[in-house]
file work.tsv (TSV, C-alpha atoms)
chain	number	residue	atom	x	y	z
Z	283	MET	CA	98.57	65.45	79.54
Z	284	SER	CA	102.31	66.05	78.99
Z	285	ALA	CA	101.58	69.70	78.09
Z	286	ILE	CA	99.66	70.17	81.35
Z	287	ARG	CA	102.50	68.55	83.30
Z	288	PHE	CA	105.01	70.84	81.53
Z	289	ASP	CA	102.96	73.95	82.35
Z	290	SER	CA	102.65	72.83	85.97
Z	291	THR	CA	106.40	72.25	86.24
Z	292	LYS	CA	107.13	75.60	84.60
Z	293	GLN	CA	104.79	77.38	87.02
Z	294	TYR	CA	106.38	75.58	89.97
Z	295	TYR	CA	109.88	76.73	89.03
Z	296	ALA	CA	108.66	80.25	88.29
Z	297	THR	CA	106.99	80.49	91.70
Z	298	SER	CA	110.03	78.99	93.44
Z	299	SER	CA	112.27	81.52	91.71
Z	300	LEU	CA	110.10	84.42	92.86
Z	301	VAL	CA	110.02	83.18	96.46
Z	302	ALA	CA	113.78	82.55	96.45
Z	303	GLY	CA	114.39	86.02	95.01
Z	304	TYR	CA	112.23	87.63	97.67
Z	305	ALA	CA	113.88	85.61	100.46
Z	306	LEU	CA	117.36	86.56	99.23
Z	307	CYS	CA	116.55	90.28	98.91
Z	308	SER	CA	114.65	90.47	102.20
Z	309	SER	CA	117.23	88.62	104.29
Z	310	LEU	CA	120.18	90.55	102.83
Z	311	LEU	CA	118.72	94.06	102.59
Z	312	ALA	CA	119.21	95.14	106.23
Z	313	VAL	CA	122.79	93.82	106.22
Z	314	ILE	CA	123.52	95.49	102.87
Z	315	ASN	CA	122.09	98.80	104.10
Z	316	LYS	CA	124.23	98.57	107.24
Z	317	PHE	CA	127.27	97.85	105.07
Z	318	ALA	CA	126.39	100.76	102.75
Z	319	ILE	CA	125.97	103.32	105.54
Z	320	THR	CA	129.24	102.13	107.09
Z	321	LYS	CA	131.18	102.70	103.87
Z	322	PHE	CA	129.17	105.72	102.64
Z	323	ASN	CA	128.43	107.79	105.72
Z	324	TYR	CA	125.88	110.15	104.16
Z	325	PRO	CA	122.43	108.77	105.15
Z	326	GLY	CA	120.43	111.51	103.44
Z	327	LEU	CA	122.27	111.13	100.14
Z	328	LEU	CA	122.17	107.33	100.36
Z	329	THR	CA	118.38	107.28	100.76
Z	330	ALA	CA	118.02	109.82	97.95
Z	331	LEU	CA	119.96	107.51	95.63
Z	332	GLN	CA	117.66	104.65	96.70
Z	333	TYR	CA	114.57	106.75	95.95
Z	334	LEU	CA	116.00	107.73	92.56
Z	335	THR	CA	116.74	104.10	91.66
Z	336	SER	CA	113.28	102.88	92.69
Z	337	ALA	CA	111.32	105.72	91.04
Z	338	LEU	CA	113.38	105.57	87.85
Z	339	GLY	CA	113.24	101.77	87.80
Z	340	VAL	CA	109.44	101.71	88.05
Z	341	TRP	CA	109.12	104.39	85.35
Z	342	VAL	CA	111.48	102.58	82.95
Z	343	LEU	CA	109.90	99.16	83.54
Z	344	GLY	CA	106.50	100.74	82.99
Z	345	LYS	CA	107.67	102.23	79.69
Z	346	PHE	CA	108.79	98.79	78.50
Z	347	GLY	CA	105.51	97.19	79.59
Z	348	PHE	CA	106.93	94.99	82.37
Z	349	LEU	CA	104.56	96.54	84.91
Z	350	HIS	CA	101.68	99.00	85.11
Z	351	HIS	CA	101.68	102.06	87.35
Z	352	ASP	CA	99.29	104.98	87.73
Z	353	ALA	CA	100.19	108.06	85.72
Z	354	PHE	CA	101.87	110.78	87.77
Z	355	THR	CA	99.72	113.88	88.25
Z	356	TRP	CA	100.42	116.84	90.51
Z	357	ASP	CA	96.86	116.81	91.80
Z	358	THR	CA	97.30	113.27	93.14
Z	359	ALA	CA	100.81	114.16	94.33
Z	360	LYS	CA	99.41	116.95	96.53
Z	361	LYS	CA	96.97	114.53	98.14
Z	362	PHE	CA	99.69	111.92	98.59
Z	363	LEU	CA	102.26	114.33	100.05
Z	364	PRO	CA	101.41	113.75	103.77
Z	365	ALA	CA	101.84	109.99	103.26
Z	366	ALA	CA	105.15	110.57	101.46
Z	367	ILE	CA	106.42	112.72	104.33
Z	368	VAL	CA	105.71	109.94	106.84
Z	369	PHE	CA	107.34	107.42	104.49
Z	370	TYR	CA	110.43	109.62	104.15
Z	371	LEU	CA	110.73	110.02	107.91
Z	372	ALA	CA	110.43	106.24	108.39
Z	373	ILE	CA	113.24	105.55	105.91
Z	374	PHE	CA	115.33	108.46	107.22
Z	375	THR	CA	115.15	107.22	110.84
Z	376	ASN	CA	115.70	103.64	109.62
Z	377	THR	CA	118.94	104.61	107.87
Z	378	ASN	CA	120.22	106.61	110.84
Z	379	LEU	CA	119.36	103.73	113.18
Z	380	LEU	CA	121.50	101.40	111.05
Z	381	ARG	CA	124.19	104.10	111.05
Z	382	HIS	CA	124.46	104.14	114.85
Z	383	ALA	CA	123.34	100.62	115.86
Z	384	ASN	CA	123.76	97.03	114.71
Z	385	VAL	CA	121.32	95.08	112.56
Z	386	ASP	CA	120.07	93.08	115.56
Z	387	THR	CA	118.87	96.28	117.29
Z	388	PHE	CA	117.03	97.26	114.11
Z	389	ILE	CA	115.27	93.86	113.94
Z	390	VAL	CA	114.22	94.04	117.60
Z	391	PHE	CA	112.63	97.47	117.22
Z	392	ARG	CA	111.09	96.51	113.89
Z	393	SER	CA	109.54	93.47	115.59
Z	394	LEU	CA	107.91	95.74	118.18
Z	395	THR	CA	105.69	97.42	115.59
Z	396	PRO	CA	102.77	94.92	115.85
Z	397	LEU	CA	102.46	95.81	119.55
Z	398	LEU	CA	102.22	99.55	118.89
Z	399	VAL	CA	100.01	99.10	115.82
Z	400	ALA	CA	97.59	96.98	117.87
Z	401	LEU	CA	97.50	99.64	120.60
Z	402	ALA	CA	97.03	102.45	118.07
Z	403	ASP	CA	94.28	100.61	116.20
Z	404	THR	CA	92.40	99.86	119.42
Z	405	THR	CA	92.85	103.37	120.83
Z	406	PHE	CA	92.49	105.64	117.80
Z	407	ARG	CA	90.69	103.56	115.18
Z	408	ARG	CA	88.27	101.82	117.59
Z	409	GLN	CA	89.28	98.36	116.34
Z	410	PRO	CA	88.42	95.30	118.50
Z	411	CYS	CA	90.88	94.40	121.25
Z	412	PRO	CA	93.42	91.69	120.33
Z	413	SER	CA	92.52	88.07	121.10
Z	414	LYS	CA	94.15	86.32	124.05
Z	415	LEU	CA	96.65	84.50	121.85
Z	416	THR	CA	97.51	87.72	120.03
Z	417	PHE	CA	97.93	89.54	123.36
Z	418	ILE	CA	100.23	86.78	124.69
Z	419	SER	CA	102.33	86.90	121.52
Z	420	LEU	CA	102.65	90.68	121.84
Z	421	LEU	CA	103.82	90.28	125.45
Z	422	ILE	CA	106.44	87.75	124.29
Z	423	ILE	CA	107.66	90.24	121.70
Z	424	LEU	CA	107.83	92.96	124.35
Z	425	GLY	CA	109.64	90.68	126.84
Z	426	GLY	CA	112.25	89.70	124.27
Z	427	ALA	CA	112.80	93.34	123.31
Z	428	VAL	CA	113.16	94.46	126.94
Z	429	GLY	CA	115.65	91.65	127.59
Z	430	TYR	CA	117.65	92.64	124.51
Z	431	VAL	CA	117.80	96.33	125.46
Z	432	ALA	CA	118.72	95.54	129.10
Z	433	THR	CA	121.73	93.45	128.02
Z	434	ASP	CA	122.85	95.44	124.98
Z	435	SER	CA	126.55	96.13	125.54
Z	436	ALA	CA	126.56	98.53	122.59
Z	437	PHE	CA	123.83	100.72	124.09
Z	438	THR	CA	124.21	104.42	123.26
Z	439	LEU	CA	121.76	107.26	123.71
Z	440	THR	CA	122.14	108.32	120.08
Z	441	ALA	CA	121.43	104.84	118.70
Z	442	TYR	CA	118.36	104.29	120.85
Z	443	SER	CA	117.06	107.79	120.18
Z	444	TRP	CA	117.03	106.89	116.49
Z	445	ALA	CA	115.54	103.50	117.34
Z	446	PHE	CA	112.57	105.06	119.16
Z	447	ALA	CA	112.15	107.68	116.43
Z	448	TYR	CA	112.06	104.86	113.86
Z	449	LEU	CA	109.55	102.91	115.95
Z	450	VAL	CA	107.21	105.92	116.14
Z	451	THR	CA	107.45	106.77	112.44
Z	452	ILE	CA	107.06	103.20	111.15
Z	453	THR	CA	104.05	102.67	113.41
Z	454	THR	CA	102.51	105.93	112.19
Z	455	GLU	CA	103.14	104.81	108.64
Z	456	MET	CA	101.38	101.49	109.16
Z	457	VAL	CA	98.34	103.02	110.87
Z	458	TYR	CA	97.97	106.21	108.84
Z	459	ILE	CA	99.30	105.61	105.34
Z	460	LYS	CA	97.12	102.60	104.56
Z	461	HIS	CA	94.02	104.72	105.21
Z	462	MET	CA	95.42	107.63	103.20
Z	463	VAL	CA	96.53	105.68	100.13
Z	464	MET	CA	93.45	103.47	100.01
Z	465	ASN	CA	91.32	106.56	99.49
Z	466	LEU	CA	93.46	107.65	96.53
Z	467	GLY	CA	92.91	104.37	94.66
Z	468	LEU	CA	96.53	103.90	93.57
Z	469	ASN	CA	97.75	100.51	92.41
Z	470	THR	CA	100.86	98.99	94.00
Z	471	TRP	CA	103.42	100.27	91.50
Z	472	GLY	CA	101.75	103.67	91.43
Z	473	PHE	CA	102.22	103.71	95.19
Z	474	VAL	CA	105.92	102.87	94.80
Z	475	LEU	CA	106.36	105.60	92.15
Z	476	TYR	CA	104.64	108.35	94.16
Z	477	ASN	CA	106.32	107.34	97.41
Z	478	ASN	CA	109.84	107.34	96.02
Z	479	PHE	CA	109.52	110.30	93.64
Z	480	LEU	CA	108.02	112.62	96.27
Z	481	SER	CA	110.58	111.42	98.84
Z	482	LEU	CA	113.33	112.24	96.34
Z	483	MET	CA	111.91	115.76	96.02
Z	484	MET	CA	112.02	116.18	99.83
Z	485	ALA	CA	115.60	114.94	100.22
Z	486	PRO	CA	117.33	118.34	99.70
Z	487	ILE	CA	115.21	119.87	102.49
Z	488	PHE	CA	116.49	117.30	104.97
Z	489	TRP	CA	120.07	117.72	103.71
Z	490	VAL	CA	119.83	121.38	104.77
Z	491	LEU	CA	117.99	120.75	108.06
Z	492	THR	CA	120.48	118.09	109.17
Z	493	GLY	CA	123.53	119.94	107.87
Z	494	GLU	CA	124.55	116.94	105.77
Z	495	TYR	CA	125.03	119.16	102.73
Z	496	LYS	CA	128.14	120.60	104.41
Z	497	GLU	CA	129.65	117.11	104.69
Z	498	VAL	CA	128.71	116.37	101.08
Z	499	PHE	CA	130.29	119.57	99.74
Z	500	ALA	CA	133.37	119.04	101.92
Z	501	ALA	CA	133.75	115.53	100.47
Z	502	LEU	CA	133.34	116.89	96.94
Z	503	GLY	CA	135.99	119.50	97.66
Z	504	ALA	CA	138.38	116.83	98.92
Z	505	ASN	CA	138.60	115.06	95.55
Z	506	GLY	CA	135.48	113.05	96.19
Z	507	GLY	CA	136.57	111.67	99.56
Z	508	ASP	CA	135.77	107.98	99.65
Z	509	TRP	CA	132.89	108.26	97.21
Z	510	PHE	CA	134.50	106.43	94.35
Z	511	GLU	CA	136.37	103.78	96.23
Z	512	PRO	CA	135.35	100.40	94.79
Z	513	VAL	CA	134.01	99.09	98.12
Z	514	ALA	CA	131.88	102.18	98.82
Z	515	PHE	CA	130.58	102.31	95.25
Z	516	THR	CA	129.68	98.61	95.35
Z	517	ALA	CA	127.93	98.96	98.73
Z	518	VAL	CA	125.78	101.89	97.56
Z	519	SER	CA	124.99	100.19	94.23
Z	520	LEU	CA	123.89	96.99	95.98
Z	521	SER	CA	121.74	98.97	98.42
Z	522	CYS	CA	119.95	100.78	95.58
Z	523	LEU	CA	119.59	97.64	93.48
Z	524	PHE	CA	118.21	95.51	96.31
Z	525	GLY	CA	115.80	98.30	97.27
Z	526	LEU	CA	114.25	98.05	93.80
Z	527	LEU	CA	114.46	94.25	93.61
Z	528	ILE	CA	112.64	93.71	96.90
Z	529	SER	CA	109.73	95.77	95.57
Z	530	PHE	CA	109.52	93.58	92.47
Z	531	PHE	CA	110.03	90.22	94.18
Z	532	GLY	CA	107.87	91.19	97.16
Z	533	PHE	CA	104.82	92.05	95.08
Z	534	ALA	CA	105.36	89.15	92.66
Z	535	ALA	CA	105.77	86.64	95.50
Z	536	ARG	CA	102.60	87.91	97.23
Z	537	LYS	CA	100.70	87.29	94.03
Z	538	ALA	CA	102.22	83.84	93.39
Z	539	ILE	CA	101.76	82.25	96.83
Z	540	SER	CA	99.22	82.29	99.64
Z	541	ALA	CA	99.22	84.95	102.35
Z	542	THR	CA	100.22	82.35	104.95
Z	543	ALA	CA	103.16	81.12	102.84
Z	544	PHE	CA	104.29	84.71	102.29
Z	545	THR	CA	104.11	85.40	106.03
Z	546	VAL	CA	106.14	82.28	106.85
Z	547	THR	CA	108.72	83.34	104.25
Z	548	GLY	CA	108.96	86.75	105.91
Z	549	VAL	CA	109.58	85.19	109.32
Z	550	VAL	CA	112.26	82.86	107.92
Z	551	ASN	CA	113.90	85.87	106.27
Z	552	LYS	CA	114.38	87.54	109.66
Z	553	PHE	CA	116.11	84.45	111.02
Z	554	LEU	CA	118.32	84.36	107.92
Z	555	THR	CA	119.21	88.03	108.45
Z	556	VAL	CA	120.33	87.26	112.00
Z	557	VAL	CA	122.42	84.28	110.84
Z	558	ILE	CA	124.03	86.23	107.99
Z	559	ASN	CA	124.76	89.17	110.29
Z	560	VAL	CA	126.46	86.91	112.85
Z	561	LEU	CA	128.54	85.11	110.23
Z	562	ILE	CA	129.93	88.01	108.19
Z	563	TRP	CA	131.13	90.45	110.88
Z	564	ASP	CA	131.31	91.25	114.58
Z	565	LYS	CA	128.67	94.01	114.49
Z	566	HIS	CA	126.02	92.00	116.32
Z	567	ALA	CA	124.54	91.44	119.77
Z	568	THR	CA	125.93	89.39	122.66
Z	569	PRO	CA	124.93	85.70	122.90
Z	570	PHE	CA	122.22	86.53	125.46
Z	571	GLY	CA	121.08	89.42	123.30
Z	572	LEU	CA	120.73	87.05	120.35
Z	573	VAL	CA	118.62	84.72	122.53
Z	574	CYS	CA	116.34	87.65	123.38
Z	575	LEU	CA	116.20	88.55	119.69
Z	576	LEU	CA	115.17	85.00	118.76
Z	577	PHE	CA	112.60	85.16	121.59
Z	578	THR	CA	111.18	88.31	119.99
Z	579	LEU	CA	111.04	86.66	116.56
Z	580	ALA	CA	109.32	83.62	118.10
Z	581	GLY	CA	106.70	85.98	119.48
Z	582	GLY	CA	106.32	87.32	115.95
Z	583	VAL	CA	105.70	83.80	114.64
Z	584	LEU	CA	103.04	83.24	117.32
Z	585	TYR	CA	101.53	86.62	116.50
Z	586	GLN	CA	101.22	85.76	112.81
Z	587	GLN	CA	99.59	82.47	113.73
Z	588	SER	CA	97.11	84.23	115.99
Z	589	VAL	CA	95.97	86.77	113.38
Z	590	THR	CA	95.66	84.19	110.59
Z	591	GLY	CA	94.08	81.46	112.67
Z	592	SER	CA	90.44	81.95	111.69
Z	593	PRO	CA	88.46	83.73	108.98
Z	594	ARG	CA	87.06	86.19	111.48
Z	595	GLU	CA	90.47	87.06	112.84
Z	596	SER	CA	91.92	87.24	109.34
Z	597	SER	CA	89.22	89.73	108.43
Z	598	ALA	CA	90.07	91.84	111.44
Z	599	SER	CA	93.77	91.68	110.66
Z	600	LYS	CA	93.15	92.96	107.14
Z	601	GLN	CA	91.61	96.04	108.68
Z	602	THR	CA	94.73	96.68	110.72
Z	603	GLY	CA	97.13	95.86	107.92
Z	604	ASP	CA	99.00	93.16	109.84
Z	605	VAL	CA	98.61	90.35	107.28
Z	606	ASP	CA	100.02	90.42	103.77
Z	607	GLU	CA	97.39	89.83	101.11
Z	608	ASN	CA	97.63	87.26	98.36
Z	609	ASP	CA	96.88	89.73	95.59
Z	610	ALA	CA	99.40	92.53	95.07
Z	611	ASP	CA	96.69	94.99	94.08
Z	612	GLU	CA	95.10	94.52	97.50
Z	613	ASN	CA	98.37	95.69	99.06
Z	614	GLN	CA	98.09	99.20	97.66
Z	615	ASP	CA	97.46	100.46	101.22
Z	616	LYS	CA	100.76	99.10	102.53
Z	617	SER	CA	104.11	100.80	102.54
Z	618	VAL	CA	107.08	99.64	100.54
Z	619	SER	CA	109.97	100.39	102.72
Z	620	GLY	CA	111.01	97.77	103.14
Z	621	LYS	CA	112.31	98.13	102.51
Z	622	HIS	CA	109.92	97.70	104.29
Z	623	ALA	CA	112.37	96.28	105.18
Z	624	SER	CA	111.82	96.49	104.27
Z	625	VAL	CA	113.19	97.13	104.50

call {"tool": "encode", "arguments": {"input": "work.tsv", "output": "structure tokens"}}
result
Amino acid sequence: MSAIRFDSTKQYYATSSLVAGYALCSSLLAVINKFAITKFNYPGLLTALQYLTSALGVWVLGKFGFLHHDAFTWDTAKKFLPAAIVFYLAIFTNTNLLRHANVDTFIVFRSLTPLLVALADTTFRRQPCPSKLTFISLLIILGGAVGYVATDSAFTLTAYSWAFAYLVTITTEMVYIKHMVMNLGLNTWGFVLYNNFLSLMMAPIFWVLTGEYKEVFAALGANGGDWFEPVAFTAVSLSCLFGLLISFFGFAARKAISATAFTVTGVVNKFLTVVINVLIWDKHATPFGLVCLLFTLAGGVLYQQSVTGSPRESSASKQTGDVDENDADENQDKSVSGKHASV
């Protein structure tokens, strides 16, 4: 009996540690990325370093037997390439959005994705129309977002151009990539490896297209610019580290707790991000803008309740990718941005 109680206690603390690790990484990642892009103003190079850390981390952990990933083959890479391009664009627009706007603006536009995904699934994938409760929750999300944008004192055309570009790419990723990757039969860590390695291979192309390579070479020519200042180095290192950690803790937490508990944790993480962002610096929305942001997050809570309310609705939500699964291997059709979010 004592052995059973010990095992139960050990499992409880292990699960709690995984959930706490995921909550910490998820709530801090957007703020850390904003901090990193502020101190290291090279978005293309920053994302490339994140891809390198994640791909190399998965490969090394796989070599030591801490995780299992699909073997890399060029035949599979060719099939996966369209999905990797969409993933790269989502992360690229995400980073540039954080470069030109505050974290609150990022959260608002990220919270709008269920609305567009629902519309895309109904229009293009012939999925059933959302239920009344789901539709109401989507309207609440939209109302909060409109209120936030209308009162955003930091509104700039550049920032919101990146915001809309991010919204389009992340919605495309959610609707398209899950179908693409599911057909390839990759496991979750194989998905992370292919996504990040192929994105790393594409990074130089975007450096040339955006002209960032000129800034990079100019900084190298000027004795490294600010590259090796302790603050900039720490910010970039934390961004890369947390990008890898959220993949590990995210998948492990999904496997350790129920889908509903994982969803609730995700919602709480967004509130924590807002609180942390308000406390540490002045790069945040006005008081009314924060109210609109919380209104949007409340709509997200109601939305999650509506799509997990019944077995039939849960089944439909699995088809649209709106609910996180309990088993990590069943999440092979979801993106790890996160980054997703995740950034």

call {"tool": "residues_around", "arguments": {"input": "work.tsv", "residues": "Leu327 of chain Z", "least_positions_apart": "5", "cutoff": "9 Å", "atoms": "all atoms listed in the file", "output": "count of residues only"}}
result
7

call {"tool": "closest_residue", "arguments": {"input": "work.tsv", "among": "Z:Ala372, Z:Ile423, Z:Val342, Z:Leu502", "to": "Ala445 of chain Z", "atoms": "only C-alpha atoms"}}
result
Z:Ala372

call {"tool": "closest_residue", "arguments": {"input": "work.tsv", "among": "Z:Lys321, Z:Lys360, Z:His382, Z:His351", "to": "Val474 of chain Z", "atoms": "all atoms listed in the file"}}
result
Z:His351

call {"tool": "closest_residue", "arguments": {"input": "work.tsv", "among": "Z:Pro410, Z:Gly347, Z:Phe374, Z:Leu575", "to": "Val431 of chain Z", "atoms": "all atoms listed in the file"}}
result
Z:Leu575

call {"tool": "closest_residue", "arguments": {"input": "work.tsv", "among": "Z:Ala383, Z:Leu480, Z:Leu397, Z:Ile373", "to": "Pro412 of chain Z", "atoms": "all atoms listed in the file"}}
result
Z:Leu397

call {"tool": "closest_residue", "arguments": {"input": "work.tsv", "among": "Z:Tyr585, Z:Phe524, Z:Phe488, Z:Phe499", "to": "Pro325 of chain Z", "atoms": "only C-alpha atoms"}}
result
Z:Phe488

call {"tool": "atom_distance", "arguments": {"input": "work.tsv", "atom1": "atom CA of Gln293 of chain Z", "atom2": "atom CA of Ala337 of chain Z"}}
result
29.4 Å

call {"tool": "atom_distance", "arguments": {"input": "work.tsv", "atom1": "atom CA of Ile539 of chain Z", "atom2": "atom CA of Phe479 of chain Z"}}
result
29.3 Å

call {"tool": "axis_aligned_box", "arguments": {"input": "work.tsv", "around": "segment 412-428 of chain Z", "padding_each_side": "3 Å", "output": "AutoDock Vina command-line options"}}
result
--center_x 102.8 --center_y 89.5 --center_z 123.5 --size_x 26.6 --size_y 16.0 --size_z 12.9

call {"tool": "closest_residue", "arguments": {"input": "work.tsv", "among": "Z:Leu572, Z:Val556, Z:Leu584, Z:Ile389", "to": "Ser419 of chain Z", "atoms": "all atoms listed in the file"}}
result
Z:Leu584

call {"tool": "atom_distance", "arguments": {"input": "work.tsv", "atom1": "atom CA of Leu398 of chain Z", "atom2": "atom CA of Leu420 of chain Z"}}
result
9.4 Å

call {"tool": "residues_around", "arguments": {"input": "work.tsv", "residues": "Ile367 of chain Z", "least_positions_apart": "5", "cutoff": "10 Å", "atoms": "all atoms listed in the file", "output": "list in words"}}
result
Phe362, Ala372, Glu455, Asn477, Leu480, Ser481 and Met484 of chain Z

call {"tool": "write_last_selection", "arguments": {"input": "work.tsv", "atoms": "C-alpha atoms", "output": "short mmCIF file (atom, residue, chain, number, x, y, z; two decimals), keeping the file's coordinate frame"}}
result
data_model
loop_
_atom_site.label_atom_id
_atom_site.label_comp_id
_atom_site.auth_asym_id
_atom_site.auth_seq_id
_atom_site.Cartn_x
_atom_site.Cartn_y
_atom_site.Cartn_z
CA PHE Z 362 99.69 111.92 98.59
CA ALA Z 372 110.43 106.24 108.39
CA GLU Z 455 103.14 104.81 108.64
CA ASN Z 477 106.32 107.34 97.41
CA LEU Z 480 108.02 112.62 96.27
CA SER Z 481 110.58 111.42 98.84
CA MET Z 484 112.02 116.18 99.83
#

call {"tool": "residues_near_point", "arguments": {"input": "work.tsv", "point": "(102.6, 96.0, 114.5)", "cutoff": "9 Å", "atoms": "only C-alpha atoms", "output": "VMD selection string"}}
result
chain Z and resid 392 to 401 453 456 to 457 602 to 604

call {"tool": "residues_around", "arguments": {"input": "work.tsv", "residues": "Tyr370 of chain Z", "least_positions_apart": "4", "cutoff": "12 Å", "atoms": "all atoms listed in the file", "output": "PyMOL selection string"}}
result
chain Z and resi 326+329-330+332-333+363-366+374-377+448+451-452+454-455+459+476-488+617-622

call {"tool": "residues_around", "arguments": {"input": "work.tsv", "residues": "Tyr442 of chain Z", "least_positions_apart": "5", "cutoff": "12 Å", "atoms": "only C-alpha atoms", "output": "ChimeraX atom specification"}}
result
/Z:375-376,378-384,387-388,390-391,431,434,436-437,447-449

call {"tool": "write_last_selection", "arguments": {"input": "work.tsv", "atoms": "C-alpha atoms", "output": "PDB file, keeping the file's coordinate frame"}}
result
ATOM      1  CA  THR Z 375     115.150 107.220 110.840  1.00  0.00           C
ATOM      2  CA  ASN Z 376     115.700 103.640 109.620  1.00  0.00           C
ATOM      3  CA  ASN Z 378     120.220 106.610 110.840  1.00  0.00           C
ATOM      4  CA  LEU Z 379     119.360 103.730 113.180  1.00  0.00           C
ATOM      5  CA  LEU Z 380     121.500 101.400 111.050  1.00  0.00           C
ATOM      6  CA  ARG Z 381     124.190 104.100 111.050  1.00  0.00           C
ATOM      7  CA  HIS Z 382     124.460 104.140 114.850  1.00  0.00           C
ATOM      8  CA  ALA Z 383     123.340 100.620 115.860  1.00  0.00           C
ATOM      9  CA  ASN Z 384     123.760  97.030 114.710  1.00  0.00           C
ATOM     10  CA  THR Z 387     118.870  96.280 117.290  1.00  0.00           C
ATOM     11  CA  PHE Z 388     117.030  97.260 114.110  1.00  0.00           C
ATOM     12  CA  VAL Z 390     114.220  94.040 117.600  1.00  0.00           C
ATOM     13  CA  PHE Z 391     112.630  97.470 117.220  1.00  0.00           C
ATOM     14  CA  VAL Z 431     117.800  96.330 125.460  1.00  0.00           C
ATOM     15  CA  ASP Z 434     122.850  95.440 124.980  1.00  0.00           C
ATOM     16  CA  ALA Z 436     126.560  98.530 122.590  1.00  0.00           C
ATOM     17  CA  PHE Z 437     123.830 100.720 124.090  1.00  0.00           C
ATOM     18  CA  ALA Z 447     112.150 107.680 116.430  1.00  0.00           C
ATOM     19  CA  TYR Z 448     112.060 104.860 113.860  1.00  0.00           C
ATOM     20  CA  LEU Z 449     109.550 102.910 115.950  1.00  0.00           C
TER      21      LEU Z 449
END

call {"tool": "residues_around", "arguments": {"input": "work.tsv", "residues": "Leu554 of chain Z", "least_positions_apart": "5", "cutoff": "12 Å", "atoms": "only C-alpha atoms", "output": "PyMOL selection string"}}
result
chain Z and resi 305-313+386+389+547-549+559-561+576+579

call {"tool": "build_atoms", "arguments": {"input": "work.tsv", "residues": "segment 515-519 of chain Z", "atoms": "all heavy atoms", "output": "short mmCIF file (atom, residue, chain, number, x, y, z; two decimals), in the frame of the given file"}}
result
data_model
loop_
_atom_site.label_atom_id
_atom_site.label_comp_id
_atom_site.auth_asym_id
_atom_site.auth_seq_id
_atom_site.Cartn_x
_atom_site.Cartn_y
_atom_site.Cartn_z
N PHE Z 515 131.44 102.28 96.44
CA PHE Z 515 130.58 102.31 95.25
C PHE Z 515 129.76 101.03 95.14
O PHE Z 515 128.56 101.07 94.83
CB PHE Z 515 131.44 102.48 93.99
CG PHE Z 515 130.65 102.54 92.72
CD1 PHE Z 515 130.03 103.72 92.33
CD2 PHE Z 515 130.52 101.42 91.91
CE1 PHE Z 515 129.29 103.77 91.16
CE2 PHE Z 515 129.78 101.47 90.74
CZ PHE Z 515 129.17 102.65 90.36
N THR Z 516 130.38 99.89 95.41
CA THR Z 516 129.68 98.61 95.35
C THR Z 516 128.59 98.53 96.42
O THR Z 516 127.48 98.07 96.15
CB THR Z 516 130.66 97.44 95.55
OG1 THR Z 516 131.67 97.49 94.53
CG2 THR Z 516 129.94 96.10 95.49
N ALA Z 517 128.91 99.00 97.63
CA ALA Z 517 127.93 98.96 98.73
C ALA Z 517 126.70 99.79 98.41
O ALA Z 517 125.56 99.35 98.60
CB ALA Z 517 128.59 99.45 100.02
N VAL Z 518 126.90 101.01 97.90
CA VAL Z 518 125.78 101.89 97.56
C VAL Z 518 124.98 101.30 96.39
O VAL Z 518 123.74 101.32 96.40
CB VAL Z 518 126.29 103.29 97.21
CG1 VAL Z 518 125.15 104.16 96.68
CG2 VAL Z 518 126.92 103.95 98.43
N SER Z 519 125.67 100.77 95.39
CA SER Z 519 124.99 100.19 94.23
C SER Z 519 124.12 99.01 94.64
O SER Z 519 122.97 98.88 94.19
CB SER Z 519 126.01 99.75 93.18
OG SER Z 519 126.77 100.85 92.71
#
